file my_file_4.pdb (PDB, C-alpha atoms)
ATOM      1  CA  MET A 195      -3.752  16.413   7.484  1.00  0.00           C
ATOM      2  CA  ALA A 196      -7.192  14.954   7.563  1.00  0.00           C
ATOM      3  CA  GLY A 197      -8.983  14.038  10.769  1.00  0.00           C
ATOM      4  CA  PRO A 198     -11.434  11.157  11.187  1.00  0.00           C
ATOM      5  CA  ALA A 199     -12.917  10.081   7.873  1.00  0.00           C
ATOM      6  CA  PRO A 200     -16.633  10.435   7.121  1.00  0.00           C
ATOM      7  CA  PRO A 201     -18.523   7.147   6.766  1.00  0.00           C
ATOM      8  CA  VAL A 202     -17.974   5.290   3.511  1.00  0.00           C
ATOM      9  CA  THR A 203     -21.350   4.500   1.985  1.00  0.00           C
ATOM     10  CA  GLN A 204     -20.167   2.652  -1.114  1.00  0.00           C
ATOM     11  CA  GLN A 205     -17.122   0.759  -2.297  1.00  0.00           C
ATOM     12  CA  VAL A 206     -15.626   3.530  -4.388  1.00  0.00           C
ATOM     13  CA  GLY A 207     -13.116   2.430  -6.985  1.00  0.00           C
ATOM     14  CA  ARG A 208     -14.044  -1.232  -6.755  1.00  0.00           C
ATOM     15  CA  ALA A 209     -12.138  -3.144  -9.431  1.00  0.00           C
ATOM     16  CA  ARG A 210     -12.180  -0.245 -11.856  1.00  0.00           C
ATOM     17  CA  GLY A 211     -13.087  -1.500 -15.309  1.00  0.00           C
ATOM     18  CA  CYS A 212     -13.148  -5.105 -14.143  1.00  0.00           C
ATOM     19  CA  GLY A 213     -16.158  -7.342 -13.668  1.00  0.00           C
ATOM     20  CA  ARG A 214     -16.420 -10.169 -11.163  1.00  0.00           C
ATOM     21  CA  ARG A 215     -15.253 -12.756 -13.698  1.00  0.00           C
ATOM     22  CA  ALA A 216     -12.150 -10.721 -14.567  1.00  0.00           C
ATOM     23  CA  GLU A 217     -11.387 -10.271 -10.871  1.00  0.00           C
ATOM     24  CA  GLN A 218     -11.493 -13.991 -10.232  1.00  0.00           C
ATOM     25  CA  GLU A 219      -9.297 -14.745 -13.242  1.00  0.00           C
ATOM     26  CA  GLN A 220      -6.731 -12.199 -12.080  1.00  0.00           C
ATOM     27  CA  LEU A 221      -6.821 -13.667  -8.590  1.00  0.00           C
ATOM     28  CA  ARG A 222      -6.277 -17.208  -9.839  1.00  0.00           C
ATOM     29  CA  GLU A 223      -3.204 -16.052 -11.732  1.00  0.00           C
ATOM     30  CA  ALA A 224      -1.926 -13.984  -8.787  1.00  0.00           C
ATOM     31  CA  ALA A 225      -2.371 -17.030  -6.518  1.00  0.00           C
ATOM     32  CA  ARG A 226       0.504 -18.705  -8.366  1.00  0.00           C
ATOM     33  CA  CYS A 227       2.886 -15.916  -7.358  1.00  0.00           C
ATOM     34  CA  LEU A 228       5.292 -15.735  -4.440  1.00  0.00           C
ATOM     35  CA  VAL A 229       6.346 -12.794  -2.305  1.00  0.00           C
ATOM     36  CA  LEU A 230       9.478 -12.510  -0.183  1.00  0.00           C
ATOM     37  CA  ASP A 231       9.658 -11.568   3.482  1.00  0.00           C
ATOM     38  CA  ALA A 232      12.374  -9.472   5.140  1.00  0.00           C
ATOM     39  CA  ASP A 233      14.662 -12.518   5.415  1.00  0.00           C
ATOM     40  CA  GLY A 234      14.236 -13.519   1.767  1.00  0.00           C
ATOM     41  CA  ARG A 235      11.898 -16.432   2.490  1.00  0.00           C
ATOM     42  CA  SER A 236       9.297 -17.179  -0.183  1.00  0.00           C
ATOM     43  CA  VAL A 237       5.642 -16.908   0.862  1.00  0.00           C
ATOM     44  CA  PRO A 238       2.752 -17.915  -1.437  1.00  0.00           C
ATOM     45  CA  PHE A 239       0.653 -14.837  -2.124  1.00  0.00           C
ATOM     46  CA  PRO A 240      -2.616 -16.634  -1.151  1.00  0.00           C
ATOM     47  CA  ALA A 241      -1.187 -17.349   2.326  1.00  0.00           C
ATOM     48  CA  LEU A 242      -1.605 -13.641   3.095  1.00  0.00           C
ATOM     49  CA  TYR A 243      -5.403 -13.778   2.861  1.00  0.00           C
ATOM     50  CA  ALA A 244      -6.377 -17.466   3.098  1.00  0.00           C
ATOM     51  CA  GLU A 245      -7.700 -17.321   6.669  1.00  0.00           C
ATOM     52  CA  HIS A 246      -8.173 -13.590   7.321  1.00  0.00           C
ATOM     53  CA  LYS A 247      -9.446 -10.546   5.520  1.00  0.00           C
ATOM     54  CA  ALA A 248      -6.394  -8.569   4.412  1.00  0.00           C
ATOM     55  CA  ILE A 249      -5.760  -4.986   3.367  1.00  0.00           C
ATOM     56  CA  VAL A 250      -2.933  -5.312   0.836  1.00  0.00           C
ATOM     57  CA  LEU A 251      -1.331  -2.042  -0.253  1.00  0.00           C
ATOM     58  CA  PHE A 252       1.093  -2.096  -3.183  1.00  0.00           C
ATOM     59  CA  VAL A 253       3.593   0.768  -3.194  1.00  0.00           C
ATOM     60  CA  ARG A 254       5.594   2.217  -6.079  1.00  0.00           C
ATOM     61  CA  ASN A 255       9.086   1.787  -4.664  1.00  0.00           C
ATOM     62  CA  PHE A 256      10.733   2.208  -1.308  1.00  0.00           C
ATOM     63  CA  LEU A 257      12.742   5.228  -2.411  1.00  0.00           C
ATOM     64  CA  CYS A 258       9.667   7.228  -3.513  1.00  0.00           C
ATOM     65  CA  TYR A 259       8.867  10.048  -1.076  1.00  0.00           C
ATOM     66  CA  THR A 260       5.102   9.612  -1.579  1.00  0.00           C
ATOM     67  CA  CYS A 261       5.355   5.935  -0.591  1.00  0.00           C
ATOM     68  CA  LYS A 262       7.508   6.788   2.412  1.00  0.00           C
ATOM     69  CA  GLU A 263       5.007   9.342   3.702  1.00  0.00           C
ATOM     70  CA  TYR A 264       2.027   7.073   2.999  1.00  0.00           C
ATOM     71  CA  VAL A 265       3.652   4.206   4.909  1.00  0.00           C
ATOM     72  CA  GLU A 266       4.553   6.563   7.764  1.00  0.00           C
ATOM     73  CA  ASP A 267       0.810   7.131   8.214  1.00  0.00           C
ATOM     74  CA  LEU A 268       0.069   3.400   7.858  1.00  0.00           C
ATOM     75  CA  ALA A 269       2.446   2.946  10.797  1.00  0.00           C
ATOM     76  CA  LYS A 270      -0.017   4.939  12.925  1.00  0.00           C
ATOM     77  CA  VAL A 271      -2.759   2.287  12.547  1.00  0.00           C
ATOM     78  CA  PRO A 272      -2.917   0.561  15.961  1.00  0.00           C
ATOM     79  CA  LYS A 273      -2.433  -3.188  15.910  1.00  0.00           C
ATOM     80  CA  ALA A 274      -5.324  -3.443  18.359  1.00  0.00           C
ATOM     81  CA  PHE A 275      -7.708  -2.021  15.729  1.00  0.00           C
ATOM     82  CA  LEU A 276      -6.656  -4.735  13.274  1.00  0.00           C
ATOM     83  CA  GLN A 277      -6.827  -7.509  15.837  1.00  0.00           C
ATOM     84  CA  GLU A 278     -10.341  -6.481  16.925  1.00  0.00           C
ATOM     85  CA  SER A 279     -11.554  -6.858  13.340  1.00  0.00           C
ATOM     86  CA  ASN A 280      -9.376  -9.895  12.525  1.00  0.00           C
ATOM     87  CA  VAL A 281      -7.817  -8.047   9.582  1.00  0.00           C
ATOM     88  CA  ARG A 282      -4.197  -8.131   8.377  1.00  0.00           C
ATOM     89  CA  LEU A 283      -2.495  -4.958   7.128  1.00  0.00           C
ATOM     90  CA  ILE A 284       0.137  -5.738   4.506  1.00  0.00           C
ATOM     91  CA  VAL A 285       2.413  -3.573   2.369  1.00  0.00           C
ATOM     92  CA  ILE A 286       4.001  -5.055  -0.749  1.00  0.00           C
ATOM     93  CA  GLY A 287       6.879  -3.343  -2.526  1.00  0.00           C
ATOM     94  CA  GLN A 288       8.780  -4.321  -5.659  1.00  0.00           C
ATOM     95  CA  SER A 289      12.401  -4.040  -4.590  1.00  0.00           C
ATOM     96  CA  SER A 290      14.891  -6.545  -3.223  1.00  0.00           C
ATOM     97  CA  TYR A 291      13.898  -7.998   0.137  1.00  0.00           C
ATOM     98  CA  HIS A 292      17.070  -6.426   1.591  1.00  0.00           C
ATOM     99  CA  HIS A 293      15.277  -3.070   1.586  1.00  0.00           C
ATOM    100  CA  ILE A 294      12.364  -4.169   3.801  1.00  0.00           C
ATOM    101  CA  LYS A 295      13.991  -3.774   7.215  1.00  0.00           C
ATOM    102  CA  PRO A 296      15.634  -0.401   6.458  1.00  0.00           C
ATOM    103  CA  PHE A 297      12.342   0.936   5.048  1.00  0.00           C
ATOM    104  CA  CYS A 298      10.389  -0.245   8.087  1.00  0.00           C
ATOM    105  CA  SER A 299      12.988   1.390  10.343  1.00  0.00           C
ATOM    106  CA  LEU A 300      12.805   4.616   8.329  1.00  0.00           C
ATOM    107  CA  THR A 301       9.009   4.840   8.432  1.00  0.00           C
ATOM    108  CA  GLY A 302       8.305   3.314  11.851  1.00  0.00           C
ATOM    109  CA  TYR A 303       6.089   0.694  10.175  1.00  0.00           C
ATOM    110  CA  THR A 304       5.661  -2.477  12.272  1.00  0.00           C
ATOM    111  CA  HIS A 305       2.906  -4.297  10.379  1.00  0.00           C
ATOM    112  CA  GLU A 306       3.555  -6.925   7.683  1.00  0.00           C
ATOM    113  CA  MET A 307       5.677  -6.100   4.643  1.00  0.00           C
ATOM    114  CA  TYR A 308       6.771  -8.205   1.664  1.00  0.00           C
ATOM    115  CA  VAL A 309       8.231  -7.640  -1.796  1.00  0.00           C
ATOM    116  CA  ASP A 310       7.371  -8.798  -5.298  1.00  0.00           C
ATOM    117  CA  PRO A 311      10.756  -8.143  -6.984  1.00  0.00           C
ATOM    118  CA  GLN A 312       9.678  -9.158 -10.482  1.00  0.00           C
ATOM    119  CA  ARG A 313       6.406  -7.221 -10.174  1.00  0.00           C
ATOM    120  CA  GLU A 314       4.453 -10.348 -11.105  1.00  0.00           C
ATOM    121  CA  ILE A 315       1.419  -9.527  -8.952  1.00  0.00           C
ATOM    122  CA  TYR A 316       1.520  -5.888 -10.052  1.00  0.00           C
ATOM    123  CA  LYS A 317       1.307  -7.046 -13.671  1.00  0.00           C
ATOM    124  CA  VAL A 318      -1.429  -9.621 -13.073  1.00  0.00           C
ATOM    125  CA  LEU A 319      -3.634  -7.080 -11.296  1.00  0.00           C
ATOM    126  CA  GLY A 320      -3.081  -4.542 -14.072  1.00  0.00           C
ATOM    127  CA  MET A 321      -1.245  -1.888 -12.070  1.00  0.00           C
ATOM    128  CA  LYS A 322      -0.064   0.989 -14.208  1.00  0.00           C
ATOM    129  CA  ARG A 323       3.413   2.152 -15.165  1.00  0.00           C
ATOM    130  CA  GLY A 324       4.265   5.779 -15.814  1.00  0.00           C
ATOM    131  CA  GLU A 325       2.532   9.048 -14.970  1.00  0.00           C
ATOM    132  CA  GLY A 326       0.471   9.287 -18.135  1.00  0.00           C
ATOM    133  CA  ASP A 327      -2.892   9.959 -16.496  1.00  0.00           C
ATOM    134  CA  LYS A 328      -3.339  13.699 -15.970  1.00  0.00           C
ATOM    135  CA  VAL A 329      -6.302  13.375 -13.601  1.00  0.00           C
ATOM    136  CA  SER A 330      -5.769  15.750 -10.688  1.00  0.00           C
ATOM    137  CA  VAL A 331      -5.520  13.747  -7.459  1.00  0.00           C
ATOM    138  CA  ARG A 332      -3.807  14.447  -4.167  1.00  0.00           C
ATOM    139  CA  SER A 333      -3.020  11.937  -1.461  1.00  0.00           C
ATOM    140  CA  PRO A 334      -4.046  13.225   1.982  1.00  0.00           C
ATOM    141  CA  HIS A 335      -1.015  11.418   3.386  1.00  0.00           C
ATOM    142  CA  VAL A 336       1.700  13.158   1.340  1.00  0.00           C
ATOM    143  CA  LYS A 337       3.089  16.250   3.044  1.00  0.00           C
ATOM    144  CA  SER A 338       6.040  17.155   0.797  1.00  0.00           C
ATOM    145  CA  ASN A 339       5.753  18.991  -2.490  1.00  0.00           C
ATOM    146  CA  THR A 340       7.159  17.380  -5.629  1.00  0.00           C
ATOM    147  CA  LEU A 341      10.449  19.300  -5.667  1.00  0.00           C
ATOM    148  CA  LEU A 342      11.330  18.813  -2.007  1.00  0.00           C
ATOM    149  CA  GLY A 343      10.154  15.208  -1.983  1.00  0.00           C
ATOM    150  CA  SER A 344      12.151  14.341  -5.100  1.00  0.00           C
ATOM    151  CA  ILE A 345      15.300  15.939  -3.688  1.00  0.00           C
ATOM    152  CA  ARG A 346      14.947  13.879  -0.508  1.00  0.00           C
ATOM    153  CA  SER A 347      14.441  10.686  -2.542  1.00  0.00           C
ATOM    154  CA  ILE A 348      17.553  11.338  -4.627  1.00  0.00           C
ATOM    155  CA  TRP A 349      19.554  12.111  -1.480  1.00  0.00           C
ATOM    156  CA  ARG A 350      18.476   8.820   0.106  1.00  0.00           C
ATOM    157  CA  ALA A 351      19.543   6.981  -3.056  1.00  0.00           C
ATOM    158  CA  MET A 352      22.924   8.731  -3.176  1.00  0.00           C
ATOM    159  CA  THR A 353      23.697   8.183   0.511  1.00  0.00           C
ATOM    160  CA  GLY A 354      22.651   4.528   0.527  1.00  0.00           C
ATOM    161  CA  PRO A 355      25.115   1.631   0.212  1.00  0.00           C
ATOM    162  CA  ALA A 356      24.570   1.656  -3.564  1.00  0.00           C
ATOM    163  CA  PHE A 357      22.691   3.995  -5.888  1.00  0.00           C
ATOM    164  CA  ASP A 358      19.485   1.991  -6.060  1.00  0.00           C
ATOM    165  CA  PHE A 359      15.955   3.105  -6.967  1.00  0.00           C
ATOM    166  CA  GLN A 360      14.665   0.219  -4.804  1.00  0.00           C
ATOM    167  CA  GLY A 361      12.218  -0.875  -7.491  1.00  0.00           C
ATOM    168  CA  ASP A 362      11.010   0.256 -10.908  1.00  0.00           C
ATOM    169  CA  PRO A 363      10.572   4.051 -10.543  1.00  0.00           C
ATOM    170  CA  ALA A 364       7.822   4.053 -13.202  1.00  0.00           C
ATOM    171  CA  GLN A 365       5.641   1.488 -11.424  1.00  0.00           C
ATOM    172  CA  GLN A 366       2.407   2.653  -9.780  1.00  0.00           C
ATOM    173  CA  GLY A 367       0.749   0.918  -6.849  1.00  0.00           C
ATOM    174  CA  GLY A 368      -2.754   0.110  -5.699  1.00  0.00           C
ATOM    175  CA  ALA A 369      -4.975  -1.154  -2.921  1.00  0.00           C
ATOM    176  CA  LEU A 370      -6.644  -4.548  -2.512  1.00  0.00           C
ATOM    177  CA  ILE A 371      -8.989  -5.823   0.180  1.00  0.00           C
ATOM    178  CA  ILE A 372      -9.311  -9.588  -0.057  1.00  0.00           C
ATOM    179  CA  GLY A 373     -10.226 -12.684   1.950  1.00  0.00           C
ATOM    180  CA  PRO A 374     -10.755 -14.804   3.828  1.00  0.00           C
ATOM    181  CA  GLY A 375     -10.273 -17.036   0.824  1.00  0.00           C
ATOM    182  CA  ASN A 376     -10.725 -15.740  -2.686  1.00  0.00           C
ATOM    183  CA  GLU A 377     -13.332 -13.039  -2.083  1.00  0.00           C
ATOM    184  CA  VAL A 378     -12.228  -9.681  -3.521  1.00  0.00           C
ATOM    185  CA  HIS A 379     -13.920  -6.839  -1.631  1.00  0.00           C
ATOM    186  CA  PHE A 380     -12.143  -3.860  -3.169  1.00  0.00           C
ATOM    187  CA  LEU A 381      -9.526  -3.113  -5.822  1.00  0.00           C
ATOM    188  CA  HIS A 382      -8.063   0.284  -6.653  1.00  0.00           C
ATOM    189  CA  LEU A 383      -5.310   0.920  -9.221  1.00  0.00           C
ATOM    190  CA  ASP A 384      -3.400   4.139  -8.604  1.00  0.00           C
ATOM    191  CA  LYS A 385      -3.450   6.547 -11.564  1.00  0.00           C
ATOM    192  CA  ASN A 386      -0.221   8.185 -10.438  1.00  0.00           C
ATOM    193  CA  ARG A 387       2.023   8.585  -7.407  1.00  0.00           C
ATOM    194  CA  LEU A 388      -0.505  10.741  -5.500  1.00  0.00           C
ATOM    195  CA  ASP A 389      -3.581   8.596  -6.165  1.00  0.00           C
ATOM    196  CA  HIS A 390      -3.504   6.709  -2.863  1.00  0.00           C
ATOM    197  CA  VAL A 391      -6.790   5.501  -1.428  1.00  0.00           C
ATOM    198  CA  PRO A 392      -7.073   7.371   1.900  1.00  0.00           C
ATOM    199  CA  ILE A 393      -6.086   5.010   4.699  1.00  0.00           C
ATOM    200  CA  ASN A 394      -9.308   5.585   6.609  1.00  0.00           C
ATOM    201  CA  THR A 395     -11.283   4.616   3.500  1.00  0.00           C
ATOM    202  CA  VAL A 396      -9.632   1.203   3.246  1.00  0.00           C
ATOM    203  CA  LEU A 397      -9.928   0.718   6.991  1.00  0.00           C
ATOM    204  CA  GLN A 398     -13.665   1.428   6.864  1.00  0.00           C
ATOM    205  CA  LEU A 399     -14.189  -0.847   3.867  1.00  0.00           C
ATOM    206  CA  ALA A 400     -12.401  -3.633   5.737  1.00  0.00           C
ATOM    207  CA  GLY A 401     -14.443  -3.073   8.905  1.00  0.00           C
ATOM    208  CA  VAL A 402     -11.570  -1.582  10.931  1.00  0.00           C
ATOM    209  CA  LYS A 403     -11.755   1.480  13.194  1.00  0.00           C
ATOM    210  CA  THR A 404     -10.446   4.658  11.612  1.00  0.00           C
ATOM    211  CA  VAL A 405      -7.482   6.716  12.803  1.00  0.00           C
ATOM    212  CA  ASN A 406      -7.171  10.433  13.536  1.00  0.00           C
ATOM    213  CA  PHE A 407      -4.228  11.534  11.372  1.00  0.00           C
ATOM    214  CA  SER A 408      -4.546  15.162  12.408  1.00  0.00           C
ATOM    215  CA  ASN A 409      -1.785  16.612  14.540  1.00  0.00           C
ATOM    216  CA  LYS A 410      -4.427  18.472  16.508  1.00  0.00           C
ATOM    217  CA  PRO A 411      -5.608  16.863  19.771  1.00  0.00           C
ATOM    218  CA  GLN A 412      -9.116  15.430  19.697  1.00  0.00           C
ATOM    219  CA  ILE A 413     -11.776  17.269  21.694  1.00  0.00           C
ATOM    220  CA  ILE A 414     -14.104  14.885  23.482  1.00  0.00           C
ATOM    221  CA  ASP A 415     -17.466  16.179  24.709  1.00  0.00           C
ATOM    222  CA  ILE A 416     -18.435  14.779  28.099  1.00  0.00           C
TER
END
call {"tool": "encode", "arguments": {"input": "my_file_4.pdb", "output": "structure tokens"}}
result
Amino acid sequence: MAGPAPPVTQQVGRARGCGRRAEQEQLREAARCLVLDADGRSVPFPALYAEHKAIVLFVRNFLCYTCKEYVEDLAKVPKAFLQESNVRLIVIGQSSYHHIKPFCSLTGYTHEMYVDPQREIYKVLGMKRGEGDKVSVRSPHVKSNTLLGSIRSIWRAMTGPAFDFQGDPAQQGGALIIGPGNEVHFLHLDKNRLDHVPINTVLQLAGVKTVNFSNKPQIIDI
């Protein structure tokens, strides 16, 4: 696992293939969408970033082992770091809202989480479906190999209350840094299930302190 991230000197992956005008048009359309909280209450998407800068991370589905392991590392981001920078950390999935609380319990995630069951925001922002892009990428937050991770995902589906993929299994995710208001600071569309933006990269781009994800203790020179 990676330790503290090196400084980010540019906004890598910013709105890939999209100019400022396209960004704003996408945002206007996304602003009409609703997300659901863990109790099934509807929340206007713009309410998530109207008054604060927000890191919004869209995940593939809650059953996917890569999403589970990515969110497990997101759970390690201290709330104090976010509060110091006045930034919200938000995960959006595309399952039923009933899966939010079990997924948070499974991953230890205590920050904000919502769902977009019809994938409306995913579609508006142009997030991909399928694994067609053969570009070699590897998320620093995924520990399991494909075989073991897939077996664990299938086991979770089979041992759940109903065999449920907890979202479209072909849907890819992405990362958005937005707000306050309609200012888009960063947009990344995942090429495939391992193309996560490193968490420390999005934290740095949002002005938040980074996290040491290494299992090794930090050595502090005095």
call {"tool": "residues_near_point", "arguments": {"input": "my_file_4.pdb", "point": "(1.9, -9.4, -8.3)", "cutoff": "10 Å", "atoms": "only C-alpha atoms", "output": "NGL selection string"}}
result
:A and (220-221 or 223-229 or 239 or 252 or 286-288 or 309-321)
call {"tool": "atom_distance", "arguments": {"input": "my_file_4.pdb", "atom1": "CA of Asn255 (chain A)", "atom2": "CA of Ala241 (chain A)"}}
result
22.8 Å
call {"tool": "atom_distance", "arguments": {"input": "my_file_4.pdb", "atom1": "CA of Leu283 (chain A)", "atom2": "CA of Glu325 (chain A)"}}
result
26.6 Å
call {"tool": "atom_distance", "arguments": {"input": "my_file_4.pdb", "atom1": "CA of Leu300 (chain A)", "atom2": "CA of His246 (chain A)"}}
result
27.8 Å
call {"tool": "closest_residue", "arguments": {"input": "my_file_4.pdb", "among": "A:Ile284, A:Gly324, A:Pro238, A:Leu251", "to": "His382 (chain A)", "atoms": "only C-alpha atoms"}}
result
A:Leu251
call {"tool": "closest_atom_pairs", "arguments": {"input": "my_file_4.pdb", "of": "region 232-284 of chain A", "to": "region 405-408 of chain A", "cutoff": "12 Å", "atoms": "only C-alpha atoms", "output": "JSON lines"}}
result
{"residue": "A:Tyr264", "atom": "CA", "partner": "A:Phe407", "partner_atom": "CA", "distance": 11.4}
{"residue": "A:Glu266", "atom": "CA", "partner": "A:Phe407", "partner_atom": "CA", "distance": 10.7}
{"residue": "A:Asp267", "atom": "CA", "partner": "A:Phe407", "partner_atom": "CA", "distance": 7.4}
{"residue": "A:Leu268", "atom": "CA", "partner": "A:Val405", "partner_atom": "CA", "distance": 9.6}
{"residue": "A:Ala269", "atom": "CA", "partner": "A:Val405", "partner_atom": "CA", "distance": 10.8}
{"residue": "A:Lys270", "atom": "CA", "partner": "A:Val405", "partner_atom": "CA", "distance": 7.7}
{"residue": "A:Val271", "atom": "CA", "partner": "A:Val405", "partner_atom": "CA", "distance": 6.5}
{"residue": "A:Pro272", "atom": "CA", "partner": "A:Val405", "partner_atom": "CA", "distance": 8.3}
{"residue": "A:Lys273", "atom": "CA", "partner": "A:Val405", "partner_atom": "CA", "distance": 11.5}
{"residue": "A:Ala274", "atom": "CA", "partner": "A:Val405", "partner_atom": "CA", "distance": 11.8}
{"residue": "A:Phe275", "atom": "CA", "partner": "A:Val405", "partner_atom": "CA", "distance": 9.2}
{"residue": "A:Leu276", "atom": "CA", "partner": "A:Val405", "partner_atom": "CA", "distance": 11.5}
call {"tool": "residues_near_point", "arguments": {"input": "my_file_4.pdb", "point": "(-9.5, -15.9, -6.8)", "cutoff": "6 Å", "atoms": "all atoms listed in the file", "output": "list in words"}}
result
Gln218, Leu221, Arg222 and Asn376 of chain A
call {"tool": "residues_around", "arguments": {"input": "my_file_4.pdb", "residues": "His292 (chain A)", "least_positions_apart": "2", "cutoff": "9 Å", "atoms": "all atoms listed in the file", "output": "VMD selection string"}}
result
chain A and resid 232 to 234 289 to 290 294 to 296
call {"tool": "residues_around", "arguments": {"input": "my_file_4.pdb", "residues": "Arg387 (chain A)", "least_positions_apart": "3", "cutoff": "8 Å", "atoms": "all atoms listed in the file", "output": "PDB file with C-alpha atoms, in the frame of the given file"}}
result
ATOM      1  CA  ARG A 254       5.594   2.217  -6.079  1.00  0.00           C
ATOM      2  CA  THR A 260       5.102   9.612  -1.579  1.00  0.00           C
ATOM      3  CA  GLU A 325       2.532   9.048 -14.970  1.00  0.00           C
ATOM      4  CA  GLN A 366       2.407   2.653  -9.780  1.00  0.00           C
ATOM      5  CA  GLY A 367       0.749   0.918  -6.849  1.00  0.00           C
ATOM      6  CA  ASP A 384      -3.400   4.139  -8.604  1.00  0.00           C
ATOM      7  CA  HIS A 390      -3.504   6.709  -2.863  1.00  0.00           C
TER       8      HIS A 390
END
call {"tool": "axis_aligned_box", "arguments": {"input": "my_file_4.pdb", "around": "region 367-371 of chain A", "padding_each_side": "6 Å", "output": "lines of an AutoDock Vina configuration file"}}
result
center_x = -4.1
center_y = -2.5
center_z = -3.3
size_x = 21.7
size_y = 18.7
size_z = 19.0
